[in-house]
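Asks: Provided herewith: model_37.tsv, TSV, C-alpha atoms.
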chain	number	residue	atom	x	y	z
N	1	MET	CA	106.38	100.68	124.03
N	2	THR	CA	107.69	101.08	120.48
N	3	GLN	CA	108.93	98.73	117.85
N	4	PRO	CA	110.35	99.57	114.44
N	5	VAL	CA	108.66	98.15	111.35
N	6	ARG	CA	110.97	98.01	108.34
N	7	LEU	CA	109.40	99.25	105.13
N	8	ASP	CA	111.81	98.28	102.37
N	9	HIS	CA	111.93	99.42	98.76
N	10	LEU	CA	110.07	96.34	97.57
N	11	ALA	CA	107.02	97.17	99.70
N	12	ILE	CA	106.96	100.76	98.41
N	13	ALA	CA	107.50	99.50	94.83
N	14	VAL	CA	104.51	97.14	95.14
N	15	PHE	CA	102.36	100.04	96.32
N	16	VAL	CA	103.53	102.42	93.56
N	17	VAL	CA	103.15	99.80	90.80
N	18	GLY	CA	99.66	98.93	92.08
N	19	LEU	CA	98.65	102.57	92.11
N	20	PHE	CA	99.94	103.23	88.59
N	21	ALA	CA	98.30	100.02	87.37
N	22	VAL	CA	94.96	101.34	88.64
N	23	VAL	CA	95.55	104.64	86.85
N	24	GLY	CA	96.62	102.74	83.71
N	25	TYR	CA	93.47	100.64	83.82
N	26	GLN	CA	91.32	103.74	83.90
N	27	ARG	CA	93.29	105.57	81.18
N	28	GLY	CA	93.83	102.68	78.78
N	29	ILE	CA	96.94	101.59	76.88
N	30	LEU	CA	96.88	104.36	74.24
N	31	ARG	CA	97.14	107.11	76.85
N	32	GLU	CA	99.78	105.20	78.79
N	33	LEU	CA	101.85	104.82	75.61
N	34	VAL	CA	102.29	108.62	75.56
N	35	VAL	CA	103.70	108.52	79.09
N	36	THR	CA	106.21	105.72	78.53
N	37	PRO	CA	108.71	107.71	76.38
N	38	ALA	CA	108.51	110.60	78.85
N	39	VAL	CA	109.19	108.30	81.80
N	40	VAL	CA	112.15	106.72	79.99
N	41	LEU	CA	113.65	109.94	78.61
N	42	ALA	CA	112.93	112.38	81.45
N	43	PRO	CA	115.60	110.97	83.84
N	44	LEU	CA	118.18	111.38	81.04
N	45	ILE	CA	117.08	114.81	79.84
N	46	SER	CA	116.22	116.56	83.11
N	47	PRO	CA	119.78	116.80	84.63
N	48	TRP	CA	121.11	118.24	81.35
N	49	LEU	CA	118.09	120.54	81.03
N	50	GLY	CA	118.66	121.68	84.61
N	51	ARG	CA	122.20	122.81	83.75
N	52	VAL	CA	121.08	124.50	80.52
N	53	LEU	CA	118.19	126.33	82.16
N	54	LYS	CA	120.16	127.41	85.25
N	55	PRO	CA	121.07	130.92	83.96
N	56	TRP	CA	117.55	131.44	82.62
N	57	VAL	CA	115.92	130.43	85.89
N	58	ASN	CA	118.23	132.80	87.75
N	59	ARG	CA	117.45	135.62	85.32
N	60	PHE	CA	113.68	135.17	85.67
N	61	TYR	CA	114.06	134.86	89.42
N	62	LYS	CA	115.88	138.20	89.56
N	63	LEU	CA	113.28	139.70	87.25
N	64	ALA	CA	110.47	138.52	89.52
N	65	MET	CA	112.29	139.80	92.60
N	66	PHE	CA	112.86	143.16	90.88
N	67	ALA	CA	109.11	143.41	90.36
N	68	ARG	CA	108.54	142.38	93.97
N	69	PHE	CA	110.89	145.08	95.25
N	70	GLY	CA	108.85	147.70	93.41
N	71	GLY	CA	110.21	147.42	89.88
N	72	LEU	CA	109.75	150.32	87.49
N	73	THR	CA	107.00	151.86	89.62
N	74	THR	CA	109.42	153.01	92.32
N	75	ASP	CA	110.55	156.63	92.37
N	76	ASP	CA	114.17	155.72	92.90
N	77	LEU	CA	115.23	152.82	90.69
N	78	SER	CA	118.57	152.52	92.39
N	79	VAL	CA	116.92	151.11	95.55
N	80	PRO	CA	115.45	147.94	94.02
N	81	LEU	CA	118.56	147.53	91.86
N	82	ALA	CA	120.80	147.73	94.93
N	83	ARG	CA	118.67	145.16	96.73
N	84	LEU	CA	118.79	142.99	93.63
N	85	LYS	CA	122.58	143.10	93.56
N	86	GLU	CA	122.72	141.77	97.11
N	87	LEU	CA	120.32	138.96	96.30
N	88	PRO	CA	122.06	135.61	95.68
N	89	PRO	CA	120.98	133.63	92.58
N	90	LEU	CA	118.26	131.03	93.11
N	91	ILE	CA	120.28	128.19	91.58
N	92	GLN	CA	123.84	128.28	92.89
N	93	THR	CA	125.23	124.96	94.02
N	94	ASP	CA	125.24	121.54	92.33
N	95	GLU	CA	122.54	120.52	94.80
N	96	ASP	CA	120.34	123.38	93.54
N	97	VAL	CA	120.89	122.23	89.93
N	98	ARG	CA	119.95	118.69	90.97
N	99	ARG	CA	116.73	119.97	92.58
N	100	LEU	CA	115.91	121.94	89.43
N	101	GLY	CA	116.45	118.70	87.50
N	102	ILE	CA	113.94	116.91	89.76
N	103	VAL	CA	111.36	119.65	89.22
N	104	LEU	CA	111.88	119.47	85.46
N	105	PHE	CA	111.65	115.68	85.56
N	106	LEU	CA	108.30	115.86	87.37
N	107	LEU	CA	107.10	118.56	84.97
N	108	ILE	CA	107.93	116.44	81.90
N	109	VAL	CA	106.12	113.38	83.30
N	110	THR	CA	103.10	115.44	84.38
N	111	LEU	CA	102.96	117.06	80.96
N	112	ALA	CA	103.02	113.63	79.30
N	113	TYR	CA	100.13	112.49	81.49
N	114	LEU	CA	98.13	115.62	80.67
N	115	ILE	CA	98.81	115.38	76.91
N	116	GLY	CA	97.75	111.74	76.95
N	117	GLN	CA	94.60	112.62	78.85
N	118	LYS	CA	93.62	115.52	76.57
N	119	ARG	CA	94.75	114.38	73.12
N	120	VAL	CA	94.39	110.59	73.10
N	121	LYS	CA	91.16	108.60	73.16
N	122	GLY	CA	90.23	106.65	76.26
N	123	PRO	CA	89.99	102.84	76.40
N	124	ALA	CA	87.45	101.33	74.01
N	125	SER	CA	87.48	97.80	75.36
N	126	ARG	CA	88.29	95.86	78.49
N	127	MET	CA	91.42	94.48	76.83
N	128	GLN	CA	92.74	98.03	76.28
N	129	ARG	CA	92.10	98.72	79.93
N	130	VAL	CA	93.94	95.58	81.08
N	131	MET	CA	96.88	96.36	78.80
N	132	GLY	CA	96.77	99.92	80.11
N	133	ALA	CA	97.03	98.52	83.63
N	134	VAL	CA	100.09	96.47	82.64
N	135	LEU	CA	101.80	99.42	80.93
N	136	GLY	CA	100.73	101.72	83.78
N	137	GLY	CA	102.42	99.33	86.21
N	138	ILE	CA	105.59	99.34	84.11
N	139	ASN	CA	105.52	103.16	83.95
N	140	GLY	CA	105.01	103.25	87.71
N	141	TYR	CA	107.99	100.98	88.26
N	142	ALA	CA	110.19	103.05	85.93
N	143	LEU	CA	109.12	106.23	87.71
N	144	PHE	CA	109.76	104.61	91.08
N	145	GLN	CA	113.27	103.60	90.00
N	146	ALA	CA	113.96	107.12	88.74
N	147	VAL	CA	112.38	109.10	91.57
N	148	LEU	CA	113.27	107.08	94.66
N	149	PRO	CA	117.04	107.67	94.58
N	150	MET	CA	116.33	111.41	94.28
N	151	PHE	CA	114.35	111.54	97.51
N	152	LEU	CA	115.34	108.48	99.51
N	153	THR	CA	118.94	107.44	99.83
N	154	ALA	CA	118.43	104.81	102.55
N	155	GLN	CA	117.79	101.18	101.63
N	156	PHE	CA	114.65	101.13	103.73
N	157	VAL	CA	112.36	103.34	105.79
N	158	VAL	CA	111.94	102.48	109.43
N	159	VAL	CA	108.45	103.22	110.75
N	160	VAL	CA	108.30	103.19	114.53
N	161	VAL	CA	105.00	101.92	115.87
N	162	PRO	CA	104.03	101.28	119.50
N	163	ALA	CA	103.79	97.55	119.01
N	164	GLN	CA	105.20	96.01	122.16
N	165	GLY	CA	101.73	95.62	123.62
N	166	VAL	CA	100.58	94.05	120.40
N	167	LEU	CA	103.26	91.43	120.63
N	168	GLN	CA	102.20	90.63	124.16
N	169	LEU	CA	98.50	90.47	123.46
N	170	PHE	CA	98.26	89.57	119.84
N	171	HIS	CA	100.90	87.56	118.09
N	172	SER	CA	101.59	88.85	114.62
N	173	TRP	CA	100.20	85.74	112.97
N	174	VAL	CA	96.81	86.40	114.55
N	175	ALA	CA	96.75	89.89	113.03
N	176	LEU	CA	97.77	88.36	109.70
N	177	ALA	CA	95.01	85.77	110.01
N	178	LEU	CA	92.48	88.56	110.61
N	179	VAL	CA	93.70	90.46	107.56
N	180	VAL	CA	93.52	87.33	105.38
N	181	ALA	CA	90.02	86.55	106.72
N	182	PHE	CA	88.95	90.09	105.87
N	183	ALA	CA	90.37	89.72	102.34
N	184	VAL	CA	88.52	86.41	101.85
N	185	LEU	CA	85.28	88.01	103.08
N	186	VAL	CA	85.76	90.91	100.66
N	187	LEU	CA	86.26	88.46	97.78
N	188	PHE	CA	83.17	86.54	98.81
N	189	ALA	CA	81.08	89.70	99.18
N	190	LEU	CA	82.16	91.06	95.80
N	191	ARG	CA	81.42	87.72	94.15
N	192	LEU	CA	77.98	87.82	95.70
N	193	ALA	CA	77.25	91.30	94.37
N	194	ARG	CA	75.65	91.62	90.97
N	195	GLY	CA	77.57	93.10	88.02
N	196	LYS	CA	78.30	96.75	87.39
N	197	LYS	CA	75.55	99.33	87.56
C	1	MET	CA	82.45	109.87	133.50
C	2	VAL	CA	81.75	107.50	130.61
C	3	PRO	CA	84.69	105.14	129.96
C	4	ILE	CA	86.50	105.87	126.72
C	5	GLU	CA	86.23	102.23	125.58
C	6	LEU	CA	82.43	102.46	125.86
C	7	VAL	CA	82.42	105.60	123.73
C	8	TRP	CA	84.61	103.79	121.22
C	9	PHE	CA	82.29	100.75	121.13
C	10	VAL	CA	79.26	103.00	120.61
C	11	ILE	CA	80.95	104.92	117.77
C	12	VAL	CA	81.98	101.65	116.07
C	13	LEU	CA	78.42	100.38	116.45
C	14	ILE	CA	77.04	103.58	114.88
C	15	PHE	CA	79.38	103.07	111.94
C	16	GLY	CA	78.09	99.48	111.73
C	17	LEU	CA	74.52	100.76	111.47
C	18	ILE	CA	75.57	103.28	108.84
C	19	GLY	CA	77.08	100.33	106.95
C	20	VAL	CA	73.77	98.45	107.09
C	21	VAL	CA	72.02	101.42	105.50
C	22	ARG	CA	74.68	102.20	102.87
C	23	GLY	CA	75.60	98.67	101.80
C	24	TYR	CA	79.00	97.01	101.70
C	25	LEU	CA	79.87	98.12	98.17
C	26	LYS	CA	79.96	101.75	99.28
C	27	GLU	CA	81.53	100.87	102.62
C	28	LEU	CA	84.43	99.05	100.95
C	29	GLY	CA	85.23	102.26	99.09
C	30	VAL	CA	85.57	104.01	102.45
C	31	THR	CA	87.69	101.12	103.77
C	32	THR	CA	90.05	101.51	100.81
C	33	VAL	CA	90.53	105.22	101.44
C	34	MET	CA	91.00	104.75	105.19
C	35	VAL	CA	93.56	101.96	104.73
C	36	LEU	CA	95.54	104.09	102.27
C	37	MET	CA	95.35	107.07	104.64
C	38	LEU	CA	96.64	104.98	107.54
C	39	PHE	CA	99.46	103.68	105.37
C	40	ALA	CA	100.41	107.24	104.42
C	41	PHE	CA	100.24	108.35	108.08
C	42	ASN	CA	102.40	105.42	109.17
C	43	THR	CA	104.96	105.94	106.44
C	44	PHE	CA	105.36	109.68	106.71
C	45	GLU	CA	104.63	110.09	110.42
C	46	LYS	CA	108.32	110.24	111.26
C	47	ARG	CA	108.76	113.19	108.93
C	48	ILE	CA	105.47	114.95	109.59
C	49	ALA	CA	105.36	114.63	113.39
C	50	PRO	CA	108.47	116.80	114.08
C	51	ILE	CA	107.16	119.51	111.76
C	52	VAL	CA	103.72	119.45	113.41
C	53	ALA	CA	105.36	119.53	116.85
C	54	LYS	CA	107.57	122.46	115.84
C	55	VAL	CA	104.67	124.46	114.41
C	56	ALA	CA	102.51	123.63	117.45
C	57	SER	CA	105.20	124.76	119.89
C	58	MET	CA	105.59	127.99	117.92
C	59	LEU	CA	101.84	128.68	117.87
C	60	ALA	CA	101.05	127.75	121.45
C	61	PRO	CA	104.03	126.66	123.55
C	62	CYS	CA	101.85	125.60	126.48
C	63	GLN	CA	99.27	123.74	124.44
C	64	ASP	CA	101.36	122.19	121.69
C	65	GLU	CA	100.06	118.67	122.42
C	66	LYS	CA	96.50	119.88	121.90
C	67	ILE	CA	97.41	121.27	118.49
C	68	GLN	CA	99.32	118.12	117.53
C	69	ALA	CA	96.38	115.92	118.52
C	70	ALA	CA	94.01	118.25	116.66
C	71	VAL	CA	96.09	117.94	113.48
C	72	TRP	CA	95.96	114.11	113.52
C	73	VAL	CA	92.31	113.88	114.57
C	74	VAL	CA	91.12	116.52	112.10
C	75	GLY	CA	93.16	114.79	109.38
C	76	ILE	CA	91.47	111.44	110.05
C	77	VAL	CA	87.99	112.94	110.36
C	78	LEU	CA	88.46	114.99	107.19
C	79	VAL	CA	89.55	111.96	105.14
C	80	ALA	CA	86.65	109.95	106.60
C	81	PHE	CA	84.20	112.73	105.73
C	82	ILE	CA	85.50	112.99	102.17
C	83	SER	CA	85.40	109.22	101.68
C	84	TYR	CA	81.82	109.00	102.95
C	85	HIS	CA	80.61	112.05	101.07
C	86	GLY	CA	79.50	111.11	97.56
C	87	GLU	CA	80.54	108.06	95.57
C	88	THR	CA	84.34	108.45	95.72
C	89	LEU	CA	85.82	104.92	95.60
C	90	ALA	CA	82.53	103.04	96.04
C	91	PHE	CA	82.66	99.60	94.40
C	92	GLU	CA	80.45	99.20	91.35
C	93	GLY	CA	77.53	96.78	91.14
C	94	SER	CA	74.33	96.24	93.07
C	95	LEU	CA	73.64	94.35	96.27
C	96	PRO	CA	71.92	90.96	96.05
C	97	LYS	CA	68.71	90.39	97.99
C	98	ALA	CA	69.81	87.95	100.66
C	99	LYS	CA	69.75	88.02	104.45
C	100	LEU	CA	73.50	87.43	104.50
C	101	VAL	CA	74.00	90.81	102.84
C	102	VAL	CA	72.78	92.61	105.97
C	103	LEU	CA	75.54	90.89	107.94
C	104	LEU	CA	78.13	91.80	105.31
C	105	ASN	CA	76.92	95.42	105.36
C	106	LEU	CA	77.15	95.47	109.14
C	107	GLY	CA	80.62	93.90	109.05
C	108	ALA	CA	81.91	96.42	106.51
C	109	GLY	CA	80.48	99.29	108.56
C	110	LEU	CA	82.04	97.94	111.75
C	111	VAL	CA	85.43	97.62	110.02
C	112	ASN	CA	85.21	101.27	108.95
C	113	GLY	CA	84.20	102.27	112.47
C	114	TYR	CA	87.18	100.37	113.84
C	115	LEU	CA	89.51	102.05	111.34
C	116	ILE	CA	88.23	105.59	111.96
C	117	ALA	CA	87.42	105.60	115.68
C	118	GLY	CA	90.39	103.32	116.41
C	119	SER	CA	92.83	105.64	114.63
C	120	VAL	CA	91.48	108.66	116.50
C	121	TRP	CA	91.83	106.82	119.82
C	122	HIS	CA	95.38	105.74	118.93
C	123	TYR	CA	96.57	109.29	118.25
C	124	LEU	CA	94.76	110.71	121.30
C	125	ASN	CA	96.36	108.03	123.46
C	126	ARG	CA	99.81	108.67	122.03
C	127	LEU	CA	99.58	112.37	122.89
C	128	GLY	CA	98.18	111.76	126.38
C	129	TYR	CA	94.52	112.72	125.75
C	130	PRO	CA	95.03	116.49	125.61
C	131	PHE	CA	91.31	117.18	124.92
C	132	LEU	CA	89.37	114.85	127.14
C	133	GLY	CA	91.02	115.41	130.50
C	134	ILE	CA	91.85	111.70	130.79
C	135	GLN	CA	95.03	110.54	132.46
C	136	PRO	CA	96.52	107.53	130.62
C	137	GLN	CA	97.16	105.77	133.94
C	138	ASP	CA	93.45	106.09	134.85
C	139	LEU	CA	92.34	103.99	131.88
C	140	SER	CA	90.51	100.78	132.77
C	141	PRO	CA	92.32	97.44	132.17
C	142	LEU	CA	90.00	96.82	129.19
C	143	ALA	CA	90.91	100.18	127.63
C	144	GLN	CA	94.61	99.55	128.25
C	145	ALA	CA	94.28	96.16	126.57
C	146	LEU	CA	92.40	97.66	123.62
C	147	VAL	CA	94.80	100.54	122.88
C	148	PRO	CA	97.50	98.32	121.29
C	149	LEU	CA	94.84	96.70	119.13
C	150	MET	CA	93.96	99.91	117.33
C	151	PRO	CA	94.59	99.94	113.54
C	152	PRO	CA	97.77	102.07	113.39
C	153	CYS	CA	99.46	99.55	115.75
C	154	LEU	CA	97.90	96.26	114.79
C	155	LEU	CA	97.67	96.66	111.03
C	156	ALA	CA	100.89	98.63	110.44
C	157	PRO	CA	102.77	95.83	108.62
C	158	TYR	CA	99.75	94.91	106.47
C	159	LEU	CA	98.33	98.31	105.48
C	160	LEU	CA	100.20	98.46	102.18
C	161	TYR	CA	99.09	95.00	101.10
C	162	LEU	CA	95.52	95.63	102.20
C	163	GLY	CA	95.45	98.92	100.32
C	164	VAL	CA	96.78	97.40	97.10
C	165	PHE	CA	94.39	94.44	97.44
C	166	LEU	CA	91.35	96.70	97.88
C	167	LEU	CA	92.42	98.93	94.99
C	168	LEU	CA	92.86	95.91	92.74
C	169	MET	CA	89.44	94.61	93.75
C	170	ARG	CA	88.00	98.02	92.96
C	171	VAL	CA	89.55	97.93	89.49
C	172	ILE	CA	88.60	94.33	88.70
C	173	ARG	CA	84.94	95.12	89.55
When written as structure tokens, how does the structure in this file appear?

Replies:
Amino acid sequence: MTQPVRLDHLAIAVFVVGLFAVVGYQRGILRELVVTPAVVLAPLISPWLGRVLKPWVNRFYKLAMFARFGGLTTDDLSVPLARLKELPPLIQTDEDVRRLGIVLFLLIVTLAYLIGQKRVKGPASRMQRVMGAVLGGINGYALFQAVLPMFLTAQFVVVVVPAQGVLQLFHSWVALALVVAFAVLVLFALRLARGKK
Amino acid sequence: MVPIELVWFVIVLIFGLIGVVRGYLKELGVTTVMVLMLFAFNTFEKRIAPIVAKVASMLAPCQDEKIQAAVWVVGIVLVAFISYHGETLAFEGSLPKAKLVVLLNLGAGLVNGYLIAGSVWHYLNRLGYPFLGIQPQDLSPLAQALVPLMPPCLLAPYLLYLGVFLLLMRVIR
């Protein structure tokens, strides 16, 4: 009673771009302009930064674990130190460095969004909003291109849904017709409604 | 015992009445959230379901299906509650004074009822009704015919496009 539905990269890209366009519309072009350099540069910087910060991350990890094991408050310092010696470093393999790079990448982009939100003025006109939506969409696409290979190596995601019964009872074009009818009704209803509050 | 399809119809009808009271602009906001939630569930189900099953079997080996069903149902109900509570993604504007608007309100409410109650039914059916003491083979022919028409099955290929469309409409307003 199951049938796989293939969700390819294009479908996910459309969703991500749409989502970022919505965010861009709300934030305006000036705020989105702060994000663009971060989105472009972060994929280049983060792997290098991951390698540079590896010893520091390991040091702070050991420091935190030392505190967790009792730290300077223990009567016998040799106990936490001995446990610390047995503890493997947090970032060891190339895979760990890659993961650190991903975290740093996400941190840089998040920081850029926050700086834009706090330091830059919001949209003053509808045109700034629309341009923000366009740039937001571009940022979303760039992010999608950078992030997807990190998490998803397959060309597509297969979602298994119990659809055999659907095929028997409801041909897919009928479902599509219902969805299109719903969309047309939504358009009609929104056209009917008066302007913004 | 009341047939499950009757309960489903009644719940959808109640949502329809709620839609009449709230108006379609608010209801479309709920629709947007529910469509996006269903898309997320459909996309990540393959990854989430094994984790949920593993945790459930660890917590209660004999009742793991109950816990799994509870996770999905509580998830849907929680998202529905959040999307109904307050303004959230409600579309901006005011409703015109026309008789047709009542029908549109009712329609939007019914769609939300279908999305919410239908999704709950889908997940309960998939896990063999662990709460309600129903045997899947005892379902009436009508219920058996309705199960594949629930949103996670029927709308699976279109959820993404519907979600993006509704979001765009929300922005353009």

Asks: Report as a list in words all protein, DNA and RNA residues lying within 12 Å of Leu33 (chain N), evaluated on only C-alpha atoms, omitting residues in the same chain fewer than 5 positions from it.

Replies: Gly24, Arg27, Gly28, Ala38, Val39, Val40, Ala112, Tyr113, Ile115, Gly116, Gln117, Val120, Lys121, Gly122, Gln128, Met131, Gly132, Ala133, Val134, Leu135, Gly136, Gly137, Ile138 and Asn139 of chain N

Asks: Taking into account only C-alpha atoms, which residue in the set C:Trp8, C:Tyr161, C:Tyr114, C:Trp72 is nearest to chain N?

Replies: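 The answer is C:Tyr161, which sits nearest to chain N.
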
Asks: If you count only C-alpha atoms, which residues fall within 7 Å of region 43-57 of chain N, apart from same-chain ones fewer than 4 positions away, as an MDAnalysis selection string?

Replies: chainID N and resid 61 91 97:98 100:101 104:105 146

Asks: Residues as selected, C-alpha atoms, written as a short mmCIF file (atom, residue, chain, number, x, y, z; two decimals), in the coordinates of the input, can you do that?

Replies:
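Written out: selection_26.cif:
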data_model
loop_
_atom_site.label_atom_id
_atom_site.label_comp_id
_atom_site.auth_asym_id
_atom_site.auth_seq_id
_atom_site.Cartn_x
_atom_site.Cartn_y
_atom_site.Cartn_z
CA TYR N 61 114.06 134.86 89.42
CA ILE N 91 120.28 128.19 91.58
CA VAL N 97 120.89 122.23 89.93
CA ARG N 98 119.95 118.69 90.97
CA LEU N 100 115.91 121.94 89.43
CA GLY N 101 116.45 118.70 87.50
CA LEU N 104 111.88 119.47 85.46
CA PHE N 105 111.65 115.68 85.56
CA ALA N 146 113.96 107.12 88.74
#

Asks: Quick one: residues within 12 Å of (78.0, 103.0, 99.3) (file frame), counting all atoms listed in the file, please, as an mmCIF file with C-alpha atoms, keeping the file's coordinate frame.

Replies:
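Full text of point.cif as output:
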data_model
loop_
_atom_site.group_PDB
_atom_site.id
_atom_site.type_symbol
_atom_site.label_atom_id
_atom_site.label_comp_id
_atom_site.auth_asym_id
_atom_site.auth_seq_id
_atom_site.Cartn_x
_atom_site.Cartn_y
_atom_site.Cartn_z
ATOM 1 C CA ILE C 18 75.570 103.280 108.840
ATOM 2 C CA GLY C 19 77.080 100.330 106.950
ATOM 3 C CA VAL C 20 73.770 98.450 107.090
ATOM 4 C CA VAL C 21 72.020 101.420 105.500
ATOM 5 C CA ARG C 22 74.680 102.200 102.870
ATOM 6 C CA GLY C 23 75.600 98.670 101.800
ATOM 7 C CA TYR C 24 79.000 97.010 101.700
ATOM 8 C CA LEU C 25 79.870 98.120 98.170
ATOM 9 C CA LYS C 26 79.960 101.750 99.280
ATOM 10 C CA GLU C 27 81.530 100.870 102.620
ATOM 11 C CA LEU C 28 84.430 99.050 100.950
ATOM 12 C CA GLY C 29 85.230 102.260 99.090
ATOM 13 C CA VAL C 30 85.570 104.010 102.450
ATOM 14 C CA THR C 31 87.690 101.120 103.770
ATOM 15 C CA SER C 83 85.400 109.220 101.680
ATOM 16 C CA TYR C 84 81.820 109.000 102.950
ATOM 17 C CA HIS C 85 80.610 112.050 101.070
ATOM 18 C CA GLY C 86 79.500 111.110 97.560
ATOM 19 C CA GLU C 87 80.540 108.060 95.570
ATOM 20 C CA THR C 88 84.340 108.450 95.720
ATOM 21 C CA LEU C 89 85.820 104.920 95.600
ATOM 22 C CA ALA C 90 82.530 103.040 96.040
ATOM 23 C CA PHE C 91 82.660 99.600 94.400
ATOM 24 C CA GLU C 92 80.450 99.200 91.350
ATOM 25 C CA GLY C 93 77.530 96.780 91.140
ATOM 26 C CA SER C 94 74.330 96.240 93.070
ATOM 27 C CA LEU C 95 73.640 94.350 96.270
ATOM 28 C CA ASN C 105 76.920 95.420 105.360
ATOM 29 C CA ALA C 108 81.910 96.420 106.510
ATOM 30 C CA GLY C 109 80.480 99.290 108.560
#

Asks: How many Å separate CA of Gly75 (chain C) from CA of Ala117 (chain C)?

Replies: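 Going from CA of Gly75 (chain C) over to CA of Ala117 (chain C), I get 12.5 Å.
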